[in-house]
>>> print(open('upload11.txt').read())   # compact mmCIF, C-alpha atoms
# COMPACT_ATOMS: atom_id res chain seq x y z
CA MET S 207 -7.77 12.08 12.08
CA ALA S 208 -8.57 11.32 8.44
CA GLN S 209 -12.09 11.90 7.21
CA ARG S 210 -13.93 8.65 6.46
CA ILE S 211 -15.64 8.13 3.14
CA LEU S 212 -17.96 5.27 2.22
CA VAL S 213 -17.92 4.51 -1.50
CA VAL S 214 -20.88 2.44 -2.73
CA GLU S 215 -19.89 1.41 -6.27
CA ASP S 216 -20.17 -1.97 -7.98
CA SER S 217 -17.42 -1.48 -10.58
CA PRO S 218 -13.99 -2.64 -9.33
CA VAL S 219 -12.31 -0.31 -11.84
CA ILE S 220 -14.19 2.75 -10.57
CA GLN S 221 -13.59 1.62 -6.97
CA ARG S 222 -9.83 1.54 -7.61
CA LEU S 223 -9.85 4.96 -9.29
CA ILE S 224 -11.88 6.53 -6.48
CA GLY S 225 -9.73 4.82 -3.86
CA MET S 226 -6.46 6.09 -5.35
CA THR S 227 -7.91 9.58 -5.83
CA LEU S 228 -9.20 9.92 -2.28
CA LYS S 229 -6.41 8.11 -0.44
CA SER S 230 -3.87 10.40 -2.13
CA GLY S 231 -5.85 13.28 -0.60
CA GLY S 232 -5.49 11.82 2.88
CA PHE S 233 -8.98 10.33 3.18
CA GLU S 234 -9.81 6.97 4.74
CA VAL S 235 -11.95 5.00 2.27
CA GLU S 236 -14.32 2.07 2.84
CA PHE S 237 -15.97 0.28 -0.09
CA SER S 238 -19.23 -1.49 -0.69
CA ASP S 239 -20.31 -3.07 -3.98
CA SER S 240 -24.10 -3.23 -3.52
CA GLY S 241 -26.90 -0.99 -2.36
CA THR S 242 -27.93 -3.35 0.43
CA ASP S 243 -24.42 -3.66 1.86
CA GLY S 244 -23.74 0.05 1.40
CA LEU S 245 -26.89 1.01 3.26
CA GLU S 246 -26.02 -1.34 6.12
CA LYS S 247 -22.51 0.13 6.38
CA ALA S 248 -23.83 3.69 6.27
CA LEU S 249 -26.35 2.97 9.01
CA THR S 250 -23.99 1.11 11.33
CA ALA S 251 -20.65 2.93 11.01
CA THR S 252 -19.59 6.56 11.10
CA HIS S 253 -18.63 8.23 7.82
CA ASP S 254 -18.11 11.86 6.87
CA VAL S 255 -19.57 11.45 3.38
CA VAL S 256 -21.08 8.71 1.20
CA ILE S 257 -20.27 8.48 -2.49
CA LEU S 258 -23.14 6.55 -4.03
CA ASP S 259 -23.46 5.07 -7.51
CA ILE S 260 -27.01 5.23 -8.86
CA GLY S 261 -26.92 1.95 -10.82
CA LEU S 262 -26.30 -0.72 -8.17
CA PRO S 263 -27.30 -4.37 -7.89
CA GLY S 264 -30.06 -5.07 -5.40
CA ILE S 265 -31.48 -1.79 -4.20
CA ASP S 266 -30.31 1.09 -6.38
CA GLY S 267 -28.61 4.29 -5.32
CA TRP S 268 -31.85 6.28 -5.23
CA GLU S 269 -33.36 3.80 -2.77
CA VAL S 270 -30.24 3.93 -0.61
CA LEU S 271 -30.36 7.74 -0.62
CA GLU S 272 -34.04 7.75 0.35
CA ALA S 273 -33.33 5.33 3.22
CA LEU S 274 -30.43 7.47 4.44
CA ARG S 275 -32.58 10.60 4.41
CA ALA S 276 -35.41 8.79 6.23
CA ASN S 277 -33.10 7.69 9.07
CA GLU S 278 -32.56 10.24 11.84
CA ARG S 279 -28.91 9.25 12.30
CA THR S 280 -27.98 9.68 8.61
CA ARG S 281 -30.47 12.36 7.58
CA SER S 282 -27.80 15.07 7.32
CA LEU S 283 -24.92 12.82 6.18
CA PRO S 284 -23.45 14.33 2.99
CA VAL S 285 -24.12 12.16 -0.07
CA ILE S 286 -22.58 12.53 -3.52
CA VAL S 287 -24.32 10.52 -6.24
CA LEU S 288 -22.42 9.15 -9.23
CA THR S 289 -23.98 8.46 -12.60
CA ALA S 290 -22.83 7.14 -15.95
CA HIS S 291 -25.84 8.82 -17.57
CA GLY S 292 -24.65 12.41 -17.40
CA ARG S 293 -24.99 14.79 -14.52
CA ALA S 294 -27.65 16.96 -16.17
CA LYS S 295 -29.98 13.95 -16.50
CA VAL S 296 -29.94 13.18 -12.77
CA GLN S 297 -29.37 16.59 -11.15
CA ASP S 298 -33.07 17.36 -10.57
CA GLU S 299 -33.74 13.96 -9.02
CA ALA S 300 -30.55 14.21 -6.94
CA ASP S 301 -31.70 17.59 -5.62
CA SER S 302 -35.24 16.40 -4.87
CA LYS S 303 -34.01 13.30 -3.02
CA GLY S 304 -31.53 15.23 -0.90
CA ALA S 305 -28.14 14.50 -2.47
CA ASN S 306 -25.50 17.15 -1.83
CA LEU S 307 -23.98 16.79 -5.30
CA ALA S 308 -24.27 14.74 -8.50
CA LEU S 309 -21.16 13.82 -10.48
CA SER S 310 -20.72 12.03 -13.80
CA LYS S 311 -18.53 9.05 -14.59
CA PRO S 312 -15.92 9.10 -15.96
CA PHE S 313 -14.43 11.97 -13.98
CA ASN S 314 -11.20 13.92 -13.66
CA PRO S 315 -9.51 12.70 -10.44
CA GLY S 316 -8.40 16.18 -9.35
CA GLU S 317 -11.84 17.68 -9.92
CA PHE S 318 -13.45 14.70 -8.16
CA ARG S 319 -11.26 15.12 -5.07
CA ALA S 320 -11.95 18.88 -5.07
CA ALA S 321 -15.71 18.23 -5.24
CA VAL S 322 -15.55 15.81 -2.29
CA THR S 323 -13.48 18.31 -0.29
CA SER S 324 -16.00 21.06 -1.09
CA VAL S 325 -18.99 18.95 0.04
CA LEU S 326 -17.17 18.09 3.27
CA ALA S 327 -16.36 21.78 3.90
CA GLN S 328 -19.99 22.79 3.33
CA ALA S 329 -21.16 20.13 5.79
CA ALA S 330 -18.73 21.19 8.52
>>> encode(input="upload11.txt", output="structure tokens")
Amino acid sequence: MAQRILVVEDSPVIQRLIGMTLKSGGFEVEFSDSGTDGLEKALTATHDVVILDIGLPGIDGWEVLEALRANERTRSLPVIVLTAHGRAKVQDEADSKGANLALSKPFNPGEFRAAVTSVLAQAA
């Protein structure tokens, strides 16, 4: 059975790139384009990892991450945060809020898929 990934990203272009990258690796991908919708999907469905943009409409990615970590059901769900502001700028906050990994946009598709695979392997 394919591993399920929830991608919470408001850019249709980035959604398409992530979708192609992950689907070519055999993953099942579900999308959300807002923090509110993404949080609802993460809390009500089963996913193996959440890929979460920081800059989202409504509640932002940090708020979604905090809500996921505060919920018993999703507390240990692997979360990868995405940022357009450079990984180094958000790494400390990502670590302190419980993200498994922070990645920068734009990204190399092969390296992105490898990072997702690595986070999933560490969580297994």
>>> closest_residue(input="upload11.txt", among="S:Asp216, S:Asp254, S:Glu269, S:Glu278", to="Glu234 (chain S)", atoms="all atoms listed in the file")
S:Asp254
>>> residues_near_point(input="upload11.txt", point="(-6.0, 12.1, 4.8)", cutoff="8 Å", atoms="only C-alpha atoms", output="JSON, numbers by chain")
{"S": [207, 208, 209, 229, 230, 231, 232, 233, 234]}
>>> residues_near_point(input="upload11.txt", point="(-32.0, 15.3, -6.8)", cutoff="12 Å", atoms="all atoms listed in the file", output="ChimeraX atom specification")
/S:260,267-268,271-272,285-288,293-309
>>> atom_distance(input="upload11.txt", atom1="CA of Ala330 (chain S)", atom2="CA of Ile257 (chain S)")
16.9 Å
>>> closest_residue(input="upload11.txt", among="S:Val213, S:Ile220, S:Ala276, S:Ile265", to="His253 (chain S)", atoms="all atoms listed in the file")
S:Val213
>>> residues_around(input="upload11.txt", residues="Ser240 (chain S)", least_positions_apart="6", cutoff="8 Å", atoms="all atoms listed in the file", output="ChimeraX atom specification")
/S:214-216,262-265
>>> closest_residue(input="upload11.txt", among="S:Leu212, S:Gly292, S:Gly261, S:Ala248", to="Leu228 (chain S)", atoms="all atoms listed in the file")
S:Leu212
>>> atom_distance(input="upload11.txt", atom1="CA of Leu223 (chain S)", atom2="CA of His291 (chain S)")
18.4 Å
>>> atom_distance(input="upload11.txt", atom1="CA of Lys311 (chain S)", atom2="CA of Arg279 (chain S)")
28.8 Å
>>> closest_residue(input="upload11.txt", among="S:Gly241, S:Thr280, S:Pro312, S:Val256", to="Val219 (chain S)", atoms="only C-alpha atoms")
S:Pro312
>>> residues_around(input="upload11.txt", residues="Lys247 (chain S)", least_positions_apart="5", cutoff="9 Å", atoms="only C-alpha atoms", output="list in words")
Leu212, Ser238, Thr242 and Thr252 of chain S
